[in-house]
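*Asks:* Sharing a structure here in structure tokens format.
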Protein chains: 2
Amino acid sequence: MGTVSKALSLLGFFNHQRTEIGLSDLTRLSGLNKATVFRLMAELQEGGFVEQTGEGRAYRLGPEVLRLAALREAAVPVLSVSRAILDALAEETGETAHLSLLRGGALHTLAHAYSARHATRVMMDDAEVLSFHGTSSGLAVLAFAPEPFIEAVLAAPLPAHTAQTETDPQAVRRALAGVRETGLACSRGGFEAEVHSHGIPLFGPDRAVMGALAVAAPASRMTPEHAAMIRAALRRAGAEMTRRIGGCPPDHWPREDAA
Amino acid sequence: MGTVSKALSLLGFFNHQRTEIGLSDLTRLSGLNKATVFRLMAELQEGGFVEQTGEGRAYRLGPEVLRLAALREAAVPVLSVSRAILDALAEETGETAHLSLLRGGALHTLAHAYSARHATRVMMDDAEVLSFHGTSSGLAVLAFAPEPFIEAVLAAPLPAHTAQTETDPQAVRRALAGVRETGLACSRGGFEAEVHSHGIPLFGPDRAVMGALAVAAPASRMTPEHAAMIRAALRRAGAEMTRRIGGCPPDHWPREDAA
DNA sequence: GTGATCGGTTCATTATTCGAACCGTTGGTT
DNA sequence: AACCAACGGTTCGAATAATGAACCGATCAC
């Protein structure tokens with residue numbers, strides 16, 4: 001592993017639960033030597049990728065990442081495009097809509113939108129990592145991922161996030177086959193209890209799956225009619241989103257029964 | 001310069017004019033060896049910080065920066081906080097409002113908001129670099145920056161962006177003294193002709209200046225009454241913004257003539 | 001066909017990074 | 001007040017990883 005990769009991997013330890021990390025913690029988390037971590041962080045700090053908080057000397061992400069994100073958006077406007085689509089999707093379904101993208105073998109949520117229609121709603125955080133077997137987004141992505149990737153995901157132990165989580169690899173495989181047929185994934189309480197979510201995969205210009213759009217609703221609200229409405233809205237939104245990012249579905253995409 | 005800094009500096013060559021850069025261009029821009037650039041980019045690519053476009057093999061910024069930006073926002077919500085304030089400021093003044101932050105000795109615009117009131121408006125891009133002597137944001141920041149920093153900025157040649165740009169260091173110093181007294185900076189066509197902008201500095205928790213909020217309007221619309229209204233709105237928005245990011249103005253801040 | 005340029009690769013040389021041990025400080029315990 | 005552990009940060013010889021000139025094959029203009 002090169003020096004640069006080590007430095008970048010340090011940035012990976014930041015998440016919503018851990019927005020600030022001290023030198024010693026970072027050393028333990030990374031398994032690297034303390035002096036190494038210190039030097040790497042010093043360089044990242046110089047570049048503005050991290051900064052140290054006033055009181056404690058803990059590190060947190062720096063302002064430079066905002067600049068880069070703005071430029072990434074200028075080059076590939078996935079986020080700004082998704083914002084409008086997510087808002088419309090949340091409005092139309094009356095539920096929480098969210099976008100997640102595949103990054104380095106993991107699925108990260110990147111944006112979400114709430115509907116004001118109901119007092120109860122599913123709450124979301126950005127930059128969370130989603131489970132492949134326990135969420136509709138995960139199943140949607142996995143169903144259209146390359147076989148070796150599916151293999152790798154299902155070979156690892158599948159944690160049970162709730163009592164409803166399907167943890168049998170064979171059962172997950174059967175579910176994936178269904179997703180491939182319909183183009184839609186569904187999860188009942190597989191990640192959070194009482195949350196029923198529908199997901200649809202998004203495809204890039206190379207026709208490879210790059211993420212998913214999903215609608216999450218309280219299970220109590222999920223009637224067959226509501227689910228049908230959500231699925232129809234999701235199909236439309238997914239097609240729109242894939243189109244807007246210059247993407248293209250694969251050959252075996254079930255276009256015949258689209259909305 | 002360490003390896004990590006070199007890698008990070010490569011990311012610095014991306015901007016709005018150049019969202020995609022080929023290997024050879026990057027080699028020329030950086031002055032590094034082609035093999036070195038290739039290796040560094042490969043590591044950045046592995047980390048998801050850059051990716052290669054389908055057709056040409058040029059590099060562009062990758063999705064990982066979006067994830068980091070979302071986390072930075074979770075830790076220090078400057079952008080999301082600013083969004084609401086910028087929108088209100090644009091609405092209230094009927095002009096274009098924008099936020100810029102100090103990063104590595106340069107002032108970068110990071111967010112902006114337009115008003116729908118007028119057909120003519122000043123257009124903005126995010127992630128642009130602002131001139132210190134030619135913009136109201138720059139003057140606002142510089143006025144409250146440490147003396148050595150002012151020294152350094154004024155020691156370098158001051159480019160004339162327009163015929164109206166003040167390029168005499170002594171004249172700029174006099175302007176800064178005025179800004180310190182009023183807490184507000186003003187620029188008439190100093191960066192773009194026919195643009196009249198007002199800026200107010202923002203302060204961090206350490207009481208140091210960290211950026212500026214500004215309102216830019218076509219010079220043709222700038223009557224004394226309009227300017228007074230903008231200044232009042234800007235003072236309110238600036239105080240709110242500094243407060244919301246946990247900041248605090250310095251001792252010599254002119255609080256007496258607020259609003 | 002020729003030559004220029006592109007992205008990418010090789011490999012011996014060398015400069016940079018690594019890591020155990022070591023500071024000075026801080027904050028909690030006795 | 002003495003102690004101790006943990007913190008952020010520093011040092012320096014040993015070891016590893018970065019470097020860059022030369023080299024590919026592909027593409028393209030002429």
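Labeling convention for the structure tokens: chains A, B, ... as they appear, residues from 1 per chain, ligands from 1 in order of appearance.
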Which chain D residues have any atom within 8 Å of an atom of chain A, and for each, what is the nearest pair of atoms with distance in Å to one decimal, counting only C-alpha atoms (C1' of nucleotides), rows sorted by chain and number, as CSV?
*Replies:*
residue,atom,partner,partner_atom,distance
D:DC7,C1',A:Ser24,CA,7.5
D:DG8,C1',A:Leu23,CA,7.0
D:DA17,C1',A:Gly2,CA,7.3
*Asks:* Grab the residues selected above and save them as an mmCIF file, in the first residue's frame with N, CA and C atoms (P, O5', C5', C4', C3', O3' and C1' of nucleotides).
*Replies:*
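out-v1.cif was written with the following content:
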data_model
loop_
_atom_site.group_PDB
_atom_site.id
_atom_site.type_symbol
_atom_site.label_atom_id
_atom_site.label_comp_id
_atom_site.auth_asym_id
_atom_site.auth_seq_id
_atom_site.Cartn_x
_atom_site.Cartn_y
_atom_site.Cartn_z
ATOM 1 P P DC D 7 -5.068 7.642 24.561
ATOM 2 O "O5'" DC D 7 -4.627 9.124 24.211
ATOM 3 C "C5'" DC D 7 -5.385 10.234 24.721
ATOM 4 C "C4'" DC D 7 -4.554 11.483 24.664
ATOM 5 C "C3'" DC D 7 -3.858 11.697 23.330
ATOM 6 O "O3'" DC D 7 -4.730 12.360 22.430
ATOM 7 C "C1'" DC D 7 -2.451 12.275 25.182
ATOM 8 P P DG D 8 -4.328 12.388 20.897
ATOM 9 O "O5'" DG D 8 -3.217 13.527 20.829
ATOM 10 C "C5'" DG D 8 -3.602 14.879 21.049
ATOM 11 C "C4'" DG D 8 -2.374 15.753 20.907
ATOM 12 C "C3'" DG D 8 -1.788 15.760 19.493
ATOM 13 O "O3'" DG D 8 -1.372 17.080 19.171
ATOM 14 C "C1'" DG D 8 -0.168 14.972 21.021
ATOM 15 P P DA D 17 6.915 -0.697 1.291
ATOM 16 O "O5'" DA D 17 6.676 0.703 0.581
ATOM 17 C "C5'" DA D 17 6.767 1.898 1.357
ATOM 18 C "C4'" DA D 17 7.150 3.056 0.466
ATOM 19 C "C3'" DA D 17 6.387 3.110 -0.845
ATOM 20 O "O3'" DA D 17 6.095 4.460 -1.112
ATOM 21 C "C1'" DA D 17 8.693 3.048 -1.286
#
*Asks:* Residues within 12 Å of C:DT30, please, as number ranges by chain. Count only C-alpha atoms (C1' of nucleotides); anything in the same chain fewer than 4 positions from it doesn't count.
*Replies:* D: 1-4
*Asks:* Quick one: which residues from chain C are at most 12 Å off chain B, using only C-alpha atoms (C1' of nucleotides), as a ChimeraX atom specification?
*Replies:* /C:5-10,15-17
*Asks:* Output C-alpha atoms (C1' of nucleotides) of each residue in that selection to a file, as a tab-separated table (two decimals), in the first residue's frame.
*Replies:*
chain	number	residue	atom	x	y	z
C	5	DT	C1'	1.61	12.45	-28.91
C	6	DC	C1'	-1.13	9.83	-26.20
C	7	DG	C1'	-1.77	6.61	-21.79
C	8	DG	C1'	0.79	3.41	-19.57
C	9	DT	C1'	5.04	0.43	-17.98
C	10	DT	C1'	9.76	-0.94	-16.48
C	15	DA	C1'	15.35	9.83	-1.43
C	16	DT	C1'	11.50	9.33	1.56
C	17	DT	C1'	8.89	7.02	4.81
*Asks:* Report as a compact mmCIF listing (two decimals) with all heavy atoms, in the first residue's frame the set of chain A residues whose atoms approach chain B to within 9 Å, with distances computed over only C-alpha atoms.
*Replies:*
# COMPACT_ATOMS: atom_id res chain seq x y z
N GLY A 2 0.65 2.13 -0.97
CA GLY A 2 1.45 3.34 -1.07
C GLY A 2 1.11 4.36 0.01
O GLY A 2 0.10 4.24 0.70
N THR A 3 1.96 5.33 0.14
CA THR A 3 1.79 6.36 1.15
C THR A 3 0.49 7.12 0.95
O THR A 3 -0.23 7.43 1.89
CB THR A 3 2.96 7.35 1.08
OG1 THR A 3 4.17 6.62 1.01
CG2 THR A 3 2.98 8.22 2.31
N VAL A 4 0.21 7.42 -0.30
CA VAL A 4 -1.01 8.19 -0.60
C VAL A 4 -2.26 7.41 -0.19
O VAL A 4 -3.17 7.95 0.44
CB VAL A 4 -1.07 8.54 -2.10
CG1 VAL A 4 -2.37 9.23 -2.44
CG2 VAL A 4 0.12 9.40 -2.48
N SER A 5 -2.27 6.13 -0.50
CA SER A 5 -3.42 5.31 -0.13
C SER A 5 -3.59 5.29 1.38
O SER A 5 -4.71 5.33 1.88
CB SER A 5 -3.24 3.89 -0.65
OG SER A 5 -3.17 3.88 -2.05
N ALA A 7 -2.74 7.62 3.46
CA ALA A 7 -3.29 8.92 3.86
C ALA A 7 -4.78 8.99 3.57
O ALA A 7 -5.58 9.41 4.41
CB ALA A 7 -2.54 10.04 3.14
N LEU A 8 -5.16 8.54 2.38
CA LEU A 8 -6.57 8.60 2.00
C LEU A 8 -7.41 7.67 2.88
O LEU A 8 -8.54 7.99 3.22
CB LEU A 8 -6.72 8.22 0.53
CG LEU A 8 -6.02 9.14 -0.46
CD1 LEU A 8 -6.29 8.69 -1.88
CD2 LEU A 8 -6.44 10.58 -0.26
N SER A 9 -6.80 6.53 3.25
CA SER A 9 -7.57 5.59 4.08
C SER A 9 -7.88 6.21 5.43
O SER A 9 -8.89 5.90 6.05
CB SER A 9 -6.79 4.29 4.25
OG SER A 9 -5.77 4.45 5.22
N LEU A 11 -8.79 9.17 5.94
CA LEU A 11 -10.01 9.95 5.78
C LEU A 11 -11.24 9.06 5.87
O LEU A 11 -12.32 9.52 6.24
CB LEU A 11 -9.99 10.68 4.42
CG LEU A 11 -8.88 11.71 4.23
CD1 LEU A 11 -8.92 12.29 2.83
CD2 LEU A 11 -9.00 12.81 5.27
N GLY A 12 -11.05 7.78 5.54
CA GLY A 12 -12.17 6.86 5.56
C GLY A 12 -12.69 6.54 6.95
O GLY A 12 -13.79 6.01 7.09
N PHE A 14 -13.51 8.66 9.16
CA PHE A 14 -14.51 9.64 9.60
C PHE A 14 -15.89 9.18 9.15
O PHE A 14 -16.06 8.74 8.02
CB PHE A 14 -14.20 11.02 9.00
CG PHE A 14 -12.96 11.65 9.57
CD1 PHE A 14 -11.74 11.49 8.94
CD2 PHE A 14 -13.03 12.38 10.75
CE1 PHE A 14 -10.59 12.06 9.48
CE2 PHE A 14 -11.89 12.96 11.28
CZ PHE A 14 -10.67 12.79 10.64
N ASN A 15 -16.85 9.26 10.03
CA ASN A 15 -18.23 9.00 9.65
C ASN A 15 -19.15 9.81 10.56
O ASN A 15 -18.69 10.61 11.36
CB ASN A 15 -18.54 7.50 9.70
CG ASN A 15 -18.33 6.94 11.09
OD1 ASN A 15 -18.65 7.58 12.08
ND2 ASN A 15 -17.77 5.75 11.15
N HIS A 16 -20.45 9.56 10.44
CA HIS A 16 -21.39 10.38 11.21
C HIS A 16 -21.26 10.18 12.72
O HIS A 16 -21.50 11.10 13.48
CB HIS A 16 -22.82 10.09 10.78
CG HIS A 16 -23.26 10.96 9.66
ND1 HIS A 16 -23.23 10.56 8.35
CD2 HIS A 16 -23.70 12.24 9.65
CE1 HIS A 16 -23.65 11.54 7.59
NE2 HIS A 16 -23.94 12.57 8.34
N ARG A 18 -18.45 9.45 14.12
CA ARG A 18 -17.10 9.87 14.51
C ARG A 18 -16.65 10.99 13.61
O ARG A 18 -15.89 10.79 12.68
CB ARG A 18 -16.16 8.68 14.35
CG ARG A 18 -15.46 8.26 15.60
CD ARG A 18 -14.24 7.41 15.29
NE ARG A 18 -14.38 6.52 14.15
CZ ARG A 18 -14.57 5.21 14.24
NH1 ARG A 18 -14.64 4.65 15.41
NH2 ARG A 18 -14.67 4.48 13.15
N THR A 19 -17.11 12.20 13.87
CA THR A 19 -16.76 13.33 13.01
C THR A 19 -15.42 13.93 13.41
O THR A 19 -14.84 14.70 12.66
CB THR A 19 -17.84 14.41 13.02
OG1 THR A 19 -18.01 14.85 14.37
CG2 THR A 19 -19.16 13.87 12.50
N GLU A 20 -14.97 13.61 14.61
CA GLU A 20 -13.66 14.09 15.07
C GLU A 20 -12.89 12.91 15.64
O GLU A 20 -13.43 12.12 16.39
CB GLU A 20 -13.82 15.17 16.14
CG GLU A 20 -14.54 16.40 15.64
CD GLU A 20 -14.47 17.52 16.65
OE1 GLU A 20 -13.89 17.33 17.74
OE2 GLU A 20 -15.02 18.60 16.36
N LEU A 40 1.19 11.90 8.15
CA LEU A 40 0.16 11.89 7.12
C LEU A 40 -0.90 12.94 7.41
O LEU A 40 -1.32 13.68 6.51
CB LEU A 40 -0.48 10.49 7.03
CG LEU A 40 0.45 9.37 6.55
CD1 LEU A 40 -0.29 8.04 6.56
CD2 LEU A 40 0.99 9.68 5.16
N GLU A 43 0.21 16.37 6.59
CA GLU A 43 0.16 16.69 5.16
C GLU A 43 -1.28 16.93 4.71
O GLU A 43 -1.55 17.85 3.93
CB GLU A 43 0.80 15.57 4.34
CG GLU A 43 2.31 15.61 4.37
CD GLU A 43 2.93 14.84 3.22
OE1 GLU A 43 3.04 15.41 2.13
OE2 GLU A 43 3.28 13.66 3.41
N LEU A 44 -2.19 16.11 5.22
CA LEU A 44 -3.60 16.30 4.87
C LEU A 44 -4.08 17.65 5.39
O LEU A 44 -4.86 18.35 4.74
CB LEU A 44 -4.46 15.18 5.47
CG LEU A 44 -4.30 13.81 4.81
CD1 LEU A 44 -5.04 12.73 5.60
CD2 LEU A 44 -4.82 13.86 3.38
N GLU A 46 -2.23 20.32 5.84
CA GLU A 46 -1.65 21.37 5.00
C GLU A 46 -2.47 21.56 3.73
O GLU A 46 -2.65 22.68 3.25
CB GLU A 46 -0.22 20.99 4.64
CG GLU A 46 0.55 22.10 3.95
CD GLU A 46 2.05 21.93 4.18
OE1 GLU A 46 2.42 21.20 5.14
OE2 GLU A 46 2.83 22.49 3.43
N GLY A 47 -3.01 20.46 3.22
CA GLY A 47 -3.82 20.53 2.02
C GLY A 47 -5.25 20.97 2.30
O GLY A 47 -6.03 21.15 1.37
N GLY A 48 -5.59 21.12 3.58
CA GLY A 48 -6.94 21.57 3.92
C GLY A 48 -7.97 20.45 3.95
O GLY A 48 -9.16 20.70 4.03
N PHE A 49 -7.49 19.20 3.86
CA PHE A 49 -8.43 18.08 3.86
C PHE A 49 -8.89 17.74 5.26
O PHE A 49 -9.96 17.18 5.45
CB PHE A 49 -7.79 16.85 3.20
CG PHE A 49 -7.74 16.98 1.71
CD1 PHE A 49 -6.80 17.81 1.12
CD2 PHE A 49 -8.65 16.34 0.91
CE1 PHE A 49 -6.76 17.96 -0.26
CE2 PHE A 49 -8.62 16.48 -0.46
CZ PHE A 49 -7.68 17.30 -1.05
N GLY A 54 -10.41 23.62 17.73
CA GLY A 54 -9.78 24.59 18.63
C GLY A 54 -9.34 24.01 19.96
O GLY A 54 -8.16 24.00 20.28
N ARG A 60 -10.67 16.82 12.27
CA ARG A 60 -11.94 16.62 11.57
C ARG A 60 -11.73 17.00 10.11
O ARG A 60 -10.72 17.61 9.76
CB ARG A 60 -13.05 17.47 12.20
CG ARG A 60 -12.83 18.94 11.98
CD ARG A 60 -13.97 19.78 12.54
NE ARG A 60 -13.63 21.19 12.48
CZ ARG A 60 -14.06 22.10 13.32
NH1 ARG A 60 -14.84 21.74 14.31
NH2 ARG A 60 -13.73 23.36 13.18
N LEU A 61 -12.68 16.66 9.26
CA LEU A 61 -12.54 16.94 7.84
C LEU A 61 -12.48 18.44 7.60
O LEU A 61 -13.14 19.22 8.29
CB LEU A 61 -13.70 16.30 7.07
CG LEU A 61 -13.64 14.78 7.04
CD1 LEU A 61 -14.93 14.20 6.51
CD2 LEU A 61 -12.47 14.31 6.20
N GLY A 62 -11.70 18.85 6.62
CA GLY A 62 -11.46 20.27 6.37
C GLY A 62 -12.27 20.83 5.23
O GLY A 62 -12.99 20.10 4.55
N PRO A 63 -12.14 22.12 5.01
CA PRO A 63 -12.96 22.81 4.02
C PRO A 63 -12.62 22.46 2.58
O PRO A 63 -13.45 22.66 1.70
CB PRO A 63 -12.69 24.29 4.29
CG PRO A 63 -11.42 24.33 5.06
CD PRO A 63 -11.26 23.03 5.76
N GLU A 64 -11.43 21.92 2.34
CA GLU A 64 -11.05 21.64 0.96
C GLU A 64 -11.98 20.62 0.31
O GLU A 64 -12.23 20.68 -0.90
CB GLU A 64 -9.60 21.12 0.92
CG GLU A 64 -9.09 20.76 -0.46
CD GLU A 64 -8.90 21.98 -1.36
OE1 GLU A 64 -9.11 23.11 -0.91
OE2 GLU A 64 -8.57 21.77 -2.54
N VAL A 65 -12.50 19.71 1.11
CA VAL A 65 -13.39 18.70 0.53
C VAL A 65 -14.65 19.35 -0.04
O VAL A 65 -15.24 18.83 -1.00
CB VAL A 65 -13.77 17.60 1.57
CG1 VAL A 65 -12.52 16.89 2.04
CG2 VAL A 65 -14.54 18.19 2.72
N LEU A 66 -15.05 20.47 0.52
CA LEU A 66 -16.23 21.16 0.00
C LEU A 66 -15.94 21.71 -1.39
O LEU A 66 -16.76 21.65 -2.29
CB LEU A 66 -16.64 22.31 0.93
CG LEU A 66 -17.04 21.91 2.34
CD1 LEU A 66 -17.44 23.14 3.13
CD2 LEU A 66 -18.16 20.90 2.32
N ARG A 67 -14.73 22.28 -1.53
CA ARG A 67 -14.34 22.83 -2.83
C ARG A 67 -14.34 21.73 -3.89
O ARG A 67 -14.91 21.89 -4.98
CB ARG A 67 -12.93 23.42 -2.74
CG ARG A 67 -12.79 24.81 -3.35
CD ARG A 67 -11.34 25.08 -3.75
NE ARG A 67 -11.04 24.47 -5.03
CZ ARG A 67 -10.03 23.64 -5.24
NH1 ARG A 67 -9.22 23.29 -4.25
NH2 ARG A 67 -9.82 23.14 -6.44
N LEU A 68 -13.73 20.60 -3.56
CA LEU A 68 -13.67 19.50 -4.52
C LEU A 68 -15.06 18.98 -4.84
O LEU A 68 -15.35 18.66 -6.00
CB LEU A 68 -12.80 18.37 -3.95
CG LEU A 68 -11.32 18.71 -3.80
CD1 LEU A 68 -10.56 17.50 -3.28
CD2 LEU A 68 -10.74 19.17 -5.13
N ALA A 69 -15.91 18.90 -3.83
CA ALA A 69 -17.26 18.40 -4.06
C ALA A 69 -18.00 19.33 -5.03
O ALA A 69 -18.73 18.86 -5.91
CB ALA A 69 -18.03 18.28 -2.75
N ALA A 70 -17.80 20.63 -4.88
CA ALA A 70 -18.45 21.58 -5.78
C ALA A 70 -17.96 21.36 -7.21
O ALA A 70 -18.74 21.43 -8.16
CB ALA A 70 -18.17 23.01 -5.34
N LEU A 71 -16.68 21.06 -7.36
CA LEU A 71 -16.14 20.83 -8.71
C LEU A 71 -16.62 19.51 -9.29
O LEU A 71 -16.89 19.40 -10.48
CB LEU A 71 -14.61 20.86 -8.66
CG LEU A 71 -14.02 22.25 -8.46
CD1 LEU A 71 -12.52 22.17 -8.25
CD2 LEU A 71 -14.35 23.11 -9.67
N ARG A 72 -16.67 18.51 -8.43
CA ARG A 72 -17.19 17.21 -8.88
C ARG A 72 -18.61 17.41 -9.40
O ARG A 72 -18.99 16.85 -10.43
CB ARG A 72 -17.16 16.21 -7.73
CG ARG A 72 -18.09 15.02 -7.88
CD ARG A 72 -17.55 14.00 -8.88
NE ARG A 72 -18.50 12.90 -9.05
CZ ARG A 72 -18.29 11.83 -9.80
NH1 ARG A 72 -17.15 11.71 -10.45
NH2 ARG A 72 -19.18 10.89 -9.91
N GLU A 73 -19.38 18.19 -8.70
CA GLU A 73 -20.74 18.45 -9.11
C GLU A 73 -20.79 19.16 -10.45
O GLU A 73 -21.68 18.94 -11.27
CB GLU A 73 -21.47 19.29 -8.06
CG GLU A 73 -22.14 18.47 -6.99
CD GLU A 73 -23.18 17.54 -7.58
OE1 GLU A 73 -24.21 18.03 -8.07
OE2 GLU A 73 -22.93 16.33 -7.57
N ALA A 74 -19.83 20.06 -10.68
CA ALA A 74 -19.78 20.78 -11.94
C ALA A 74 -19.48 19.81 -13.08
O ALA A 74 -20.00 19.94 -14.18
CB ALA A 74 -18.72 21.87 -11.89
N ALA A 75 -18.64 18.81 -12.81
CA ALA A 75 -18.25 17.86 -13.84
C ALA A 75 -19.32 16.79 -14.05
O ALA A 75 -19.67 16.46 -15.17
CB ALA A 75 -16.91 17.20 -13.48
N VAL A 76 -19.82 16.26 -12.96
CA VAL A 76 -20.81 15.18 -13.01
C VAL A 76 -21.92 15.50 -12.03
O VAL A 76 -21.82 15.17 -10.86
CB VAL A 76 -20.18 13.82 -12.64
CG1 VAL A 76 -21.15 12.69 -12.94
CG2 VAL A 76 -18.87 13.63 -13.35
N LEU A 79 -25.49 14.74 -7.88
CA LEU A 79 -26.16 15.21 -6.68
C LEU A 79 -27.21 16.26 -6.96
O LEU A 79 -28.34 16.17 -6.50
CB LEU A 79 -25.15 15.76 -5.67
CG LEU A 79 -24.61 14.78 -4.65
CD1 LEU A 79 -24.06 15.53 -3.45
CD2 LEU A 79 -25.69 13.81 -4.20
N LEU A 101 -24.92 5.53 -3.69
CA LEU A 101 -23.99 5.21 -4.77
C LEU A 101 -22.95 4.20 -4.32
O LEU A 101 -22.53 4.18 -3.16
CB LEU A 101 -23.28 6.48 -5.27
CG LEU A 101 -24.14 7.50 -6.02
CD1 LEU A 101 -23.29 8.63 -6.55
CD2 LEU A 101 -24.89 6.82 -7.17
N ARG A 103 -19.41 2.77 -3.96
CA ARG A 103 -18.08 3.36 -3.87
C ARG A 103 -17.16 2.38 -3.17
O ARG A 103 -17.31 2.17 -1.98
CB ARG A 103 -18.13 4.65 -3.05
CG ARG A 103 -17.99 5.92 -3.81
CD ARG A 103 -16.64 6.07 -4.49
NE ARG A 103 -15.55 5.90 -3.55
CZ ARG A 103 -14.58 5.02 -3.74
NH1 ARG A 103 -14.56 4.25 -4.80
NH2 ARG A 103 -13.62 4.92 -2.85
N GLY A 104 -16.18 1.86 -3.92
CA GLY A 104 -15.20 0.99 -3.29
C GLY A 104 -15.83 -0.21 -2.62
O GLY A 104 -15.52 -0.54 -1.50
N HIS A 108 -23.03 3.77 -0.32
CA HIS A 108 -23.15 4.93 0.57
C HIS A 108 -24.39 5.76 0.22
O HIS A 108 -24.62 6.03 -0.95
CB HIS A 108 -21.93 5.84 0.42
CG HIS A 108 -20.64 5.19 0.76
ND1 HIS A 108 -20.12 5.16 2.02
CD2 HIS A 108 -19.77 4.50 -0.01
CE1 HIS A 108 -18.98 4.51 2.02
NE2 HIS A 108 -18.73 4.09 0.80
N THR A 109 -25.14 6.16 1.22
CA THR A 109 -26.24 7.09 0.97
C THR A 109 -25.64 8.47 0.78
O THR A 109 -24.71 8.86 1.48
CB THR A 109 -27.23 7.14 2.13
OG1 THR A 109 -26.55 7.59 3.30
CG2 THR A 109 -27.83 5.78 2.40
N LEU A 110 -26.15 9.20 -0.20
CA LEU A 110 -25.53 10.50 -0.51
C LEU A 110 -26.51 11.66 -0.45
O LEU A 110 -26.10 12.81 -0.37
CB LEU A 110 -24.87 10.45 -1.89
CG LEU A 110 -23.46 9.94 -1.87
CD1 LEU A 110 -22.88 9.95 -3.27
CD2 LEU A 110 -22.59 10.81 -0.95
N ALA A 111 -27.78 11.38 -0.54
CA ALA A 111 -28.76 12.46 -0.47
C ALA A 111 -30.11 11.85 -0.14
O ALA A 111 -30.34 10.66 -0.38
CB ALA A 111 -28.83 13.20 -1.81
N ASP A 126 -27.03 11.25 5.55
CA ASP A 126 -26.18 11.10 4.38
C ASP A 126 -24.86 10.44 4.79
O ASP A 126 -24.49 10.46 5.95
CB ASP A 126 -25.89 12.46 3.73
CG ASP A 126 -27.16 13.02 3.11
OD1 ASP A 126 -28.08 12.24 2.86
OD2 ASP A 126 -27.20 14.24 2.87
N ALA A 127 -24.18 9.88 3.81
CA ALA A 127 -22.87 9.28 4.02
C ALA A 127 -22.89 8.09 4.97
O ALA A 127 -21.91 7.77 5.64
CB ALA A 127 -21.85 10.32 4.50
N GLU A 128 -24.03 7.40 5.04
CA GLU A 128 -24.10 6.16 5.80
C GLU A 128 -23.77 5.00 4.85
O GLU A 128 -23.95 5.11 3.64
CB GLU A 128 -25.51 5.94 6.34
CG GLU A 128 -25.96 6.95 7.38
CD GLU A 128 -25.32 6.69 8.73
OE1 GLU A 128 -24.82 5.57 8.94
OE2 GLU A 128 -25.32 7.61 9.56
N PRO A 205 -22.95 5.37 -17.61
CA PRO A 205 -22.79 5.39 -19.06
C PRO A 205 -22.23 4.07 -19.60
O PRO A 205 -22.45 3.71 -20.75
CB PRO A 205 -21.81 6.53 -19.29
CG PRO A 205 -21.89 7.36 -18.06
CD PRO A 205 -22.19 6.43 -16.95
N ASP A 206 -21.51 3.33 -18.76
CA ASP A 206 -20.93 2.05 -19.17
C ASP A 206 -21.92 0.90 -18.96
O ASP A 206 -21.56 -0.26 -19.06
CB ASP A 206 -19.63 1.79 -18.39
CG ASP A 206 -19.84 1.91 -16.89
OD1 ASP A 206 -20.97 2.25 -16.47
OD2 ASP A 206 -18.87 1.69 -16.14
*Asks:* In Å, rounded to a single decimal, give me how far atom CA of A:Ala84 is from atom CA of A:Ala116.
*Replies:*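 Computing it gives 15.6 Å between the two atoms.
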*Asks:* Measure the distance from atom CA of A:Val122 to atom CA of A:Thr96 in Å and round it to one decimal.
*Replies:*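 Rounded to one decimal, the two atoms are 6.0 Å apart.
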*Asks:* Using DSSP on the backbone coordinates, identify all residues within stretch 34-206 of chain A classified as alpha helix (DSSP H); present the result as a PyMOL selection string.
*Replies:* chain A and resi 34-46+64-75+78-93+136-143+147-155+169-182
